[in-house]
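J.: I have a structure here, written as structure tokens, and I will follow up with some questions on it.
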Protein chains: 6
Amino acid sequence: MRNTVIFGGSAHPELAAEICAYLGMELSSTTIKRYSSDCLGVYLAANCRENDVFLVQPLVPPVQEHLMELLLMLDAARGASAARTTAVIPYYAYARSDKKDSPRVSIGGRLVADLLKTAGASRVLTMTLHTPQVHGFFSVPVDHLNALNVLATYFRNRDLENTVVVSPDLGNAKSASHFARLLNLPVAAGIKQRLSDDEVMIETIVGDVTGKNVILLDDEISNGGTMVAMLDLLREHRVRHASVVCTHGLFTGKAIERLRVRSEITDIVTTNTVPLSPEKRLPNLKVLSIAPLLAEAIQRIHNGASISSLGFVTE
Amino acid sequence: MRNTVIFGGSAHPELAAEICAYLGMELSSTTIKRYSSDCLGVYLAANCRENDVFLVQPLVPPVQEHLMELLLMLDAARGASAARTTAVIPYYAYARSDKKDSPRVSIGGRLVADLLKTAGASRVLTMTLHTPQVHGFFSVPVDHLNALNVLATYFRNRDLENTVVVSPDLGNAKSASHFARLLNLPVAAGIKQRLSDDEVMIETIVGDVTGKNVILLDDEISNGGTMVAMLDLLREHRVRHASVVCTHGLFTGKAIERLRVRSEITDIVTTNTVPLSPEKRLPNLKVLSIAPLLAEAIQRIHNGASISSLGFVTE
Amino acid sequence: MRNTVIFGGSAHPELAAEICAYLGMELSSTTIKRYSSDCLGVYLAANCRENDVFLVQPLVPPVQEHLMELLLMLDAARGASAARTTAVIPYYAYARSDKKDSPRVSIGGRLVADLLKTAGASRVLTMTLHTPQVHGFFSVPVDHLNALNVLATYFRNRDLENTVVVSPDLGNAKSASHFARLLNLPVAAGIKQRLSDDEVMIETIVGDVTGKNVILLDDEISNGGTMVAMLDLLREHRVRHASVVCTHGLFTGKAIERLRVRSEITDIVTTNTVPLSPEKRLPNLKVLSIAPLLAEAIQRIHNGASISSLGFVTE
Amino acid sequence: MRNTVIFGGSAHPELAAEICAYLGMELSSTTIKRYSSDCLGVYLAANCRENDVFLVQPLVPPVQEHLMELLLMLDAARGASAARTTAVIPYYAYARSDKKDSPRVSIGGRLVADLLKTAGASRVLTMTLHTPQVHGFFSVPVDHLNALNVLATYFRNRDLENTVVVSPDLGNAKSASHFARLLNLPVAAGIKQRLSDDEVMIETIVGDVTGKNVILLDDEISNGGTMVAMLDLLREHRVRHASVVCTHGLFTGKAIERLRVRSEITDIVTTNTVPLSPEKRLPNLKVLSIAPLLAEAIQRIHNGASISSLGFVTE
Amino acid sequence: MRNTVIFGGSAHPELAAEICAYLGMELSSTTIKRYSSDCLGVYLAANCRENDVFLVQPLVPPVQEHLMELLLMLDAARGASAARTTAVIPYYAYARSDKKDSPRVSIGGRLVADLLKTAGASRVLTMTLHTPQVHGFFSVPVDHLNALNVLATYFRNRDLENTVVVSPDLGNAKSASHFARLLNLPVAAGIKQRLSDDEVMIETIVGDVTGKNVILLDDEISNGGTMVAMLDLLREHRVRHASVVCTHGLFTGKAIERLRVRSEITDIVTTNTVPLSPEKRLPNLKVLSIAPLLAEAIQRIHNGASISSLGFVTE
Amino acid sequence: MRNTVIFGGSAHPELAAEICAYLGMELSSTTIKRYSSDCLGVYLAANCRENDVFLVQPLVPPVQEHLMELLLMLDAARGASAARTTAVIPYYAYARSDKKDSPRVSIGGRLVADLLKTAGASRVLTMTLHTPQVHGFFSVPVDHLNALNVLATYFRNRDLENTVVVSPDLGNAKSASHFARLLNLPVAAGIKQRLSDDEVMIETIVGDVTGKNVILLDDEISNGGTMVAMLDLLREHRVRHASVVCTHGLFTGKAIERLRVRSEITDIVTTNTVPLSPEKRLPNLKVLSIAPLLAEAIQRIHNGASISSLGFVTE
């Protein structure tokens with residue numbers, strides 16, 4: 001494998017460009033055509049032959065469009081004799097469809113993993129999958145990073161007295177306690193019940209939060225329903241100041257409206273695994289870049305160096 | 001395999017219902033959910049276990065959405081222990097992406113065929129693929145029907161004196177001559193050059209059309225550019241009356257506007273492989289149903305009877 | 001597929017026999033040979049050709065021996081032209097190896113799923129997998145039953161006043177709340193931290209247990225460390241009477257010794273997914289049979305009837 | 001991959017040797033044995049381990065013998081731990097079997113592509129496939145070259161006044177127009193109807209040929225029926241001088257007899273993708289070598305350099 | 001699977017017809033076309049859809065032609081939606097290429113097994129493989145019959161006093177002793193050394209043959225070299241009368257000439273797994289039909305009845 | 001592929017260490033965990049990424065444990081992005097399960113070969129397979145060495161007058177004659193009949209052994225039954241001194257007891273493909289190391305040098 005070649009799909013060209021900037025190399029350009037039949041066609045405008053190809057494409061809305069684009073890019077790279085093709089998917093949306101919770105439903109997380117392999121992915125580089133078991137859905141090697149260190153640096157030089165890290169859900173409690181340990185803080189967690197895709201109820205909170213400042217941490221924020229329900233409950237415990245933190249800031253639906261009006265939110269911290277349109281950039285919203293992390297991982301993958309020693313591997 | 005069970009995706013529920021009506025059975029319902037992350041989830045609301053499952057979903061715009069839906073439906077049917085799952089795809093949009101016409105481009109027609117298999121398709125029932133070679137892209141059995149007989153019946157009792165069947169393109173000339181033979185008419189063809197996805201030029205016409213009435217036949221009409229270019233050239237040959245005929249009536253972009261204003265078009269004839277919204281239904285547009293044909297094919301597939309004897313097999 | 005033929009491996013012949021008794025059919029015999037090289041050889045002593053073959057083998061200790069036996073049985077059934085071969089694995093031991101929690105470790109749950117397919121499994125029938133995501137590790141259809149209804153019947157006619165269902169771990173809390181709902185009881189859960197394979201610590205308990213009677217429910221009891229740690233903590237909450245309940249009663253290592261000496265345990269309730277040697281049968285231990293449930297599932301799988309309507313499908 | 005190693009099968013040893021000569025390397029020898037049972041056995045007489053192996057074998061008559069030889073060579077290279085094995089197939093005979101033109105027929109082009117992969121082909125290097133869609137039949141990467149530039153050089157310094165390039169068939173018209181553009185000539189095409197494998201009829205000619213000199217271009221000449229029919233029709237248009245040109249000069253059956261007697265043929269130009277026995281070498285037949293082109297392609301494949309920039313890639 | 005449909009390739013149409021006659025059904029016809037490029041094309045002239053298809057084709061010379069024909073027939077049956085396709089290969093020529101007896105040689109027996117699967121074989125029915133290990137090369141189920149009972153019936157009512165069964169080779173000694181047991185005779189064996197494909201040397205004979213009548217049994221006779229070498233050695237032991245017996249009577253090269261001149265040969269007994277041309281039918285040559293055996297096996301395969309109880313299974 | 005990394009499983013750590021010593025490199029450590037459920041877990045404690053990984057694990061008793069360990073190691077290496085993973089299996093126990101010698105039995109040799117591939121083996125390095133056909137069971141490249149040269153060196157400087165090499169079985173006669181040629185000795189062989197796994201009968205001996213010294217050579221000694229039966233028969237031929245030689249010295253069951261009491265055994269010679277516990281080390285037992293041979297093979301595999309030129313390749 002001679003050279004590293006990086007292409008970006010249309011899902012997040014800024015991130016692809018930023019990764020390339022860190023690596024001191026040029027982003028190779030991709031042409032995505034939409035035919036009048038609404039089909040997509042992909043042309044990779046740089047030589048792939050015997051090269052180590054990386055395709056950067058988070059699966060953000062419109063998810064189906066971006067997924068098909070990525071599949072066509074993988075197919076084009078394979079046809080163009082890439083020595084190896086790594087799908088760099090900072091946000092793997094279908095990770096949440098990870099179990100058969102009723103008869104005759106699809107398990108999208110496994111299906112999409114199989115589709116990526118069928119289209120030609122030799123390996124996958126991703127971040128903060130919704131459950132660690134999703135890793136096992138892939139039959140190609142996966143490097144699974146997390147952004148907890150990146151997110152923690154934001155809080156490092158702050159006054160964190162009387163502060164507690166809170167996970168809105170027991171499912172995310174392990175990450176929250178890992179994050180709390182990085183900041184030397186105590187941890188608490190809500191017990192969530194999902195009423196529908198759009199509505200959740202937080203039944204109770206485990207751990208002491210009364211009168212504290214909280215850092216509310218989740219893997220992703222989509223429509224914000226969970227965060228708002230959590231904040232409601234925290235209010236009852238006289239929580240006055242909350243930092244809202246997540247790796248994947250989707251902010252779909254009414255998320256921004258919901259968060260804008262909560263006066264107790266001092267700041268919202270997220271990363272750029274998902275592109276954020278300008279109108280969503282609230283004054284108190286801070287986006288941290290995971291481009292240096294992905295750039296370093298890409299370099300190590302190319303060189304065969306250990307990724308786990310990078311200290312960001314999700315275990 | 002006990003029973004035939006038919007589900008329809010969201011691409012064309014009317015066609016699925018009509019097929020079921022012809023078979024005297026109920027259409028089983030499908031629930032398609034869109035999560036706040038924009039991912040889709042599918043639930044098949046009828047027992048599939050050891051049954052012969054058919055999933056009706058033409059790949060019409062938005063193509064990526066409908067494709068992913070179909071893949072999830074296939075996955076759900078497989079997970080639900082269907083004895084056999086047939087993807088009924090009356091319009092296979094990616095058939096046009098059938099060759100590598102530049103280095104490092106994707107071959108979508110092959111890729112989508114592989115994805116369908118990966119998701120669990122045991123077989124495919126489709127109509128009028130853009131080139132017959134696309135058949136070879138599938139590694140599962142394919143039944144490939146055509147609508148020429150259906151389209152020909154429309155013209156059977158008409159006065160066809162001084163009429164010639166014209167294909168706008170040499171690629172479609174074989175179908176046109178087959179169609180002409182059904183109606184006992186002569187045939188002619190244009191020589192087309194594609195300038196871009198949206199613009200074509202018809203260089204010349206092979207065969208005698210001067211002063212004739214024409215039946216202009218193509219496999220599909222998407223933005224109508226080809227048909228309009230052909231009509232322009234036919235005008236120069238003093239053609240006054242034209243019937244515009246196709247199997248797949250997509251009518252995307254400005255197709256309807258373009259066709260509406262052409263006074264020489266006496267009628268537009270298409271089939272319901274593709275759903276047609278009411279605002280596209282011009283007064284002189286006639287939609288013929290291929291539901292009886294697909295219903296008969298489904299019954300024969302279930303019974304193991306010969307499809308080729310149906311007389312609609314595209315060869 | 002003509003007939004149902006059921007074979008049992010050496011892991012749990014009593015269960016296989018009991019299933020056959022419920023179905024009013026004979027258990028077909030299997031000959032397992034151990035060669036002087038310590039290799040195993042399998043001979044299925046009944047005609048498999050075009051039959052619907054079921055192989056009953058929970059993966060209980062010695063796990064590697066029983067797994068290899070099952071793989072050889074699958075291979076023999078395939079070579080003998082079985083129309084379909086279902087691996088009936090009431091206890092899937094490797095389900096706990098479900099994530100890559102450190103670099104360069106194996107994911108045994110996924111690997112064993114792949115091995116079963118390679119050896120010829122057409123489908124799998126299993127019970128109470130450690131996490132529902134393990135379902136997605138299989139590329140063959142899986143029927144995933146649970147024993148909660150069976151376990152609940154044991155408590156149905158008891159006086160359950162002042163009783164609470166307690167899960168020792170947040171991971172199992174969803175099942176516990178399902179179980180509690182069946183008995184119309186409240187639910188509580190411990191927050192567990194695993195110090196090593198053999199040692200756990202329960203940090204705290206969510207929900208009110210003080211002075212109550214508890215039904216302590218987990219998916220499996222292996223060395224009993226979790227249960228004992230939970231009972232220690234419950235004692236501090238003045239819990240006097242506890243029923244210890246699990247689906248998979250492995251009782252390995254010192255489990256029996258540990259449980260025997262706890263005076264607060266009124267009864268231990270488990271199922272026969274795992275065989276139980278006589279010396280482990282404490283006077284207050286009750287084994288409920290899941291043979292009728294598996295027999296019914298096998299019959300429905302053979303007939304293509306819905307398994308989900310059985311009401312025992314783990315979702 | 002350390003070194004390039006090239007083996008030739010028995011189909012065309014001269015071409016393999018010529019390619020090696022251009023690369024300044026030795027042709028590694030292959031031993032093909034025919035057992036008394038008529039089975040073939042292959043022995044590759046040079047070290048393949050971790051090397052970049054190329055196997056040169058056009059699928060020329062006897063096609064089945066040469067195909068099986070190639071499959072056995074691929075198997076031997078895989079078993080000998082070649083790092084990569086490329087099948088160099090300058091003439092892919094089964095490309096013409098590319099569609100299911102009647103029920104229950106084989107699609108040989110797809111089948112042979114699958115067989116090559118099963119036998120161990122990592123990639124394929126081929127020339128001038130009958131239709132570009134055949135590319136999509138392969139699931140391994142394919143480099144698809146054409147010989148148009150090579151053929152055009154032959155005519156470069158000639159007096160081409162009053163000359164037109166003619167394709168005997170619409171299917172080949174795109175290549176003909178590409179070739180015509182290279183020589184700055186106009187183009188015309190026949191409309192062919194295949195009566196049987198051995199007999200064709202040219203119905204008419206599109207474009208002006210009357211009284212012109214023609215360069216008659218097709219992808220291959222097998223029994224010469226098409227060329228002769230075309231020449232007959234051209235005579236009616238008072239064409240006096242014709243150059244007959246093709247990439248694949250099979251000249252089977254009566255081809256040579258048919259062409260020998262046509263006084264209007266000034267010269268026959270072909271390439272050495274197919275070996276030509278001495279008795280077929282008519283005085284006016286010129287064979288151009290594509291060995292330099294294949295040698296260059298092999299070198300670029302080994303080095304991971306772009307093949308498309310070679311300017312001979314068929315698109 | 002509705003009906004049994006049997007097709008024969010061109011290798012041995014008489015056998016296919018005879019099998020059908022025994023089953024009281026019609027042989028479905030196959031059209032094999034040879035194109036002018038020397039490629040083959042196959043058309044199966046009967047409905048395969050959901051039927052149980054059997055393709056009868058021994059791999060006799062020209063082996064490569066017959067193999068490719070069979071592969072195309074398998075492909076056509078799969079494409080035509082056969083429910084199951086069984087390759088009936090009474091003589092599997094490549095069985096002798098079963099080991100890697102030098103570096104970088106092909107293992108044809110394994111390769112051809114893989115090709116058959118790739119082309120669509122669901123199962124294989126064969127007879128008397130050269131070594132039983134070849135069975136393990138197939139990943140589809142194989143029914144492996146022998147002809148020993150059929151061959152033994154020929155000798156049943158003869159005077160077999162002073163007779164011994166002799167295997168020319170230790171490799172075949174197990175079959176010879178099985179055959180001897182059927183006739184209640186003693187057994188002996190030669191120790192063979194292969195000098196080349198065409199020449200063998202029998203070093204010595206194990207067991208007492210001096211002055212006896214012998215039945216010389218081998219799995220196949222190709223060029224007859226082994227038999228002749230054995231007869232030479234037997235002569236030295238004063239053997240006067242020998243019956244020469246084999247399952248597969250290929251009689252290639254000088255086999256017939258060699259056997260014709262040996263006065264000690266009283267009779268040559270073989271079966272019709274391989275077609276025998278009239279000029280090879282020596283007066284003392286007797287061909288026994290294995291058509292009833294194959295017919296019975298086909299019927300049992302279709303009905304799912306046990307083949308092993310047929311008593312002809314090679315173990 | 002950057003570096004060679006060698007891990008050993010628990011089957012034979014001494015051999016792995018010795019191989020590394022010869023290569024002047026460190027043995028990377030493997031952690032094998034046994035969970036309380038009796039499942040195994042593997043952790044490879046060195047970076048595998050893009051490295052050339054070798055896993056040393058003979059399949060010695062307990063075979064199932066060691067096989068599962070190896071499969072988990074392969075899975076871990078694949079998940080850890082090894083460039084290539086070679087399973088080094090000096091003793092492949094399941095090689096003896098190489099044919100279907102009765103209906104409905106497993107073919108373990110093929111199954112285990114498939115399992116190794118499923119778990120991620122890119123290639124296999126093994127020694128002295130029971131039959132050469134087992135090579136064909138693998139679909140990954142296999143390097144198959146023998147120890148005959150190693151074993152022969154032991155006898156090189158001895159007085160071998162009046163000595164004959166004897167194979168107890170015709171199946172092993174080819175190796176024995178190869179070995180005899182190395183020492184310039186004559187060869188003889190027994191004709192063995194296996195009565196059960198534990199009991200064999202030697203019917204007779206081919207070749208002259210009366211009053212000679214013998215070197216009794218077999219591929220493996222498990223319970224020693226064959227050797228003892230052979231020695232009994234040799235006694236009848238007045239053989240007074242015997243060297244007992246094998247590649248794989250398993251010495252299971254009563255093997256050691258049986259061999260200890262035979263006074264005619266002057267020495268027992270074996271290799272360390274299988275670990276030998278101290279209590280089995282009889283005073284006259286000599287273990288030769290094949291570590292240098294495996295070390296050399298590993299180095300050549302890594303460098304892409306020819307293994308066959310090593311002179312130890314089993315053909």
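Note on naming: chains are A, B, ... as they come in the structure tokens, residues start from 1 per chain, ligands start from 1 in the order shown.
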Write out as an MDAnalysis selection string each polymer residue whose atoms come within 9 Å of stretch 180-194 of chain B, counting only C-alpha atoms; drop sequence neighbours fewer than 5 positions from it.
T.: chainID B and resid 148:149 152:153 155:156 160:170 172:173 175 199:209 226 230
J.: Contacts of stretch 47-50 of chain D at 10 Å or less, counting only C-alpha atoms, minus same-chain residues fewer than 4 places along, as a short mmCIF file (atom, residue, chain, number, x, y, z; two decimals) with N, CA and C atoms, in the first residue's frame?
T.:
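See selection-v5.cif below for the written result:
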data_model
loop_
_atom_site.label_atom_id
_atom_site.label_comp_id
_atom_site.auth_asym_id
_atom_site.auth_seq_id
_atom_site.Cartn_x
_atom_site.Cartn_y
_atom_site.Cartn_z
N MET D 1 4.19 -7.63 -1.62
CA MET D 1 4.39 -8.34 -2.87
C MET D 1 5.75 -8.01 -3.43
N ARG D 2 6.61 -9.04 -3.46
CA ARG D 2 7.97 -8.76 -3.85
C ARG D 2 8.12 -8.54 -5.35
N ASN D 3 7.96 -9.62 -6.11
CA ASN D 3 8.30 -9.53 -7.53
C ASN D 3 7.11 -9.87 -8.41
N THR D 4 7.19 -9.40 -9.62
CA THR D 4 6.24 -9.79 -10.63
C THR D 4 6.70 -11.11 -11.24
N VAL D 5 5.82 -12.10 -11.27
CA VAL D 5 6.13 -13.37 -11.93
C VAL D 5 5.04 -13.62 -12.96
N ILE D 6 5.44 -13.93 -14.20
CA ILE D 6 4.47 -14.11 -15.28
C ILE D 6 4.55 -15.54 -15.81
N SER D 28 8.10 -17.32 -16.78
CA SER D 28 8.22 -18.51 -15.94
C SER D 28 7.45 -19.64 -16.61
N ALA D 76 -3.39 -23.33 -8.57
CA ALA D 76 -2.01 -23.64 -8.20
C ALA D 76 -1.32 -22.41 -7.62
N ALA D 77 -1.57 -21.24 -8.20
CA ALA D 77 -0.94 -20.02 -7.69
C ALA D 77 -1.45 -19.70 -6.29
N ARG D 78 -2.74 -19.88 -6.06
CA ARG D 78 -3.30 -19.63 -4.73
C ARG D 78 -2.69 -20.59 -3.72
N GLY D 79 -2.65 -21.87 -4.09
CA GLY D 79 -2.09 -22.87 -3.17
C GLY D 79 -0.61 -22.61 -2.91
N ALA D 80 0.03 -21.94 -3.87
CA ALA D 80 1.46 -21.65 -3.71
C ALA D 80 1.70 -20.30 -3.06
N SER D 81 0.64 -19.74 -2.45
CA SER D 81 0.76 -18.54 -1.62
C SER D 81 1.15 -17.29 -2.40
N ALA D 82 0.69 -17.19 -3.64
CA ALA D 82 0.86 -15.93 -4.36
C ALA D 82 0.21 -14.81 -3.56
N ALA D 83 0.86 -13.64 -3.52
CA ALA D 83 0.27 -12.52 -2.80
C ALA D 83 -0.96 -12.01 -3.55
N ARG D 84 -0.91 -12.09 -4.86
CA ARG D 84 -2.02 -11.63 -5.70
C ARG D 84 -1.90 -12.34 -7.03
N THR D 85 -3.01 -12.75 -7.61
CA THR D 85 -2.97 -13.43 -8.90
C THR D 85 -3.90 -12.71 -9.86
N PRO E 103 5.18 -28.88 -4.87
CA PRO E 103 4.74 -27.51 -4.63
C PRO E 103 4.14 -26.92 -5.90
N ARG E 104 3.23 -25.99 -5.76
CA ARG E 104 2.70 -25.22 -6.90
C ARG E 104 1.97 -26.06 -7.94
N ARG F 300 10.64 -18.05 6.12
CA ARG F 300 10.43 -18.06 4.67
C ARG F 300 9.04 -17.61 4.28
N ILE F 301 8.05 -18.01 5.07
CA ILE F 301 6.69 -17.55 4.79
C ILE F 301 6.66 -16.02 4.86
N HIS F 302 7.30 -15.48 5.91
CA HIS F 302 7.30 -14.03 6.05
C HIS F 302 8.02 -13.35 4.89
N ASN F 303 9.12 -13.95 4.47
CA ASN F 303 9.92 -13.34 3.40
C ASN F 303 9.43 -13.70 2.01
N GLY F 304 8.48 -14.60 1.91
CA GLY F 304 8.02 -15.01 0.59
C GLY F 304 9.02 -15.90 -0.11
N ALA F 305 9.93 -16.51 0.65
CA ALA F 305 10.89 -17.43 0.03
C ALA F 305 10.22 -18.80 -0.15
N SER F 306 10.80 -19.59 -1.00
CA SER F 306 10.22 -20.89 -1.29
C SER F 306 10.31 -21.83 -0.10
N ILE F 307 9.20 -22.48 0.25
CA ILE F 307 9.20 -23.47 1.33
C ILE F 307 9.61 -24.81 0.74
N SER F 308 9.24 -25.05 -0.51
CA SER F 308 9.51 -26.36 -1.08
C SER F 308 11.01 -26.61 -1.17
N SER F 309 11.79 -25.56 -1.38
CA SER F 309 13.22 -25.74 -1.47
C SER F 309 13.82 -26.10 -0.11
#
J.: Write out, as a Markdown table, each residue of chain F that has an atom at most 8 Å from chain E, together with the closest pair of atoms and their distance in Å to one decimal, counting only C-alpha atoms, rows going by chain and rising number.
T.:
| residue | atom | partner | partner_atom | distance |
| --- | --- | --- | --- | --- |
| F:Asp98 | CA | E:Gln133 | CA | 5.6 |
| F:Lys99 | CA | E:Gln133 | CA | 4.9 |
| F:Lys100 | CA | E:Glu315 | CA | 6.0 |
| F:Asp101 | CA | E:Glu315 | CA | 3.8 |
| F:Ser102 | CA | E:Glu315 | CA | 5.0 |
| F:Pro103 | CA | E:Ser308 | CA | 6.1 |
| F:Ile107 | CA | E:Gly136 | CA | 6.9 |
| F:Arg110 | CA | E:Gly136 | CA | 6.0 |
| F:Pro132 | CA | E:Lys99 | CA | 5.6 |
| F:Gln133 | CA | E:Lys99 | CA | 4.9 |
| F:Val134 | CA | E:Gln133 | CA | 7.3 |
| F:His135 | CA | E:Lys99 | CA | 6.6 |
| F:Gly136 | CA | E:Arg110 | CA | 6.0 |
| F:Phe137 | CA | E:Phe137 | CA | 5.6 |
| F:Leu170 | CA | E:Leu170 | CA | 7.1 |
| F:Val206 | CA | E:Val206 | CA | 6.5 |
| F:Ser308 | CA | E:Pro103 | CA | 6.1 |
| F:Val313 | CA | E:Pro103 | CA | 8.0 |
| F:Thr314 | CA | E:Asp101 | CA | 7.4 |
| F:Glu315 | CA | E:Asp101 | CA | 3.8 |
J.: Considering only C-alpha atoms, state which residue in the set C:Asn284, C:Thr266, C:Thr128, C:Ser196 is at the smallest distance from C:Asp218.
T.: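 Answer, going by the shortest atom-to-atom distance: C:Thr128.
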J.: Which residues are near B:Thr247? Cut-off 6 Å, only C-alpha atoms, ignore same chain within fewer than 2 positions. Put them as a list in words.
T.: Asp219, Glu220, Thr270 and Thr271 of chain B
J.: Dump C-alpha atoms for the selected residues as a PDB file, in the first residue's frame?
T.:
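Dumped everything to again-v1.pdb:
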ATOM      1  CA  ASP B 219     -38.407   2.028 -21.875  1.00  0.00           C
ATOM      2  CA  GLU B 220     -38.770   5.004 -19.559  1.00  0.00           C
ATOM      3  CA  THR B 270     -47.566   4.405 -19.714  1.00  0.00           C
ATOM      4  CA  THR B 271     -47.985   1.765 -16.986  1.00  0.00           C
TER       5      THR B 271
END
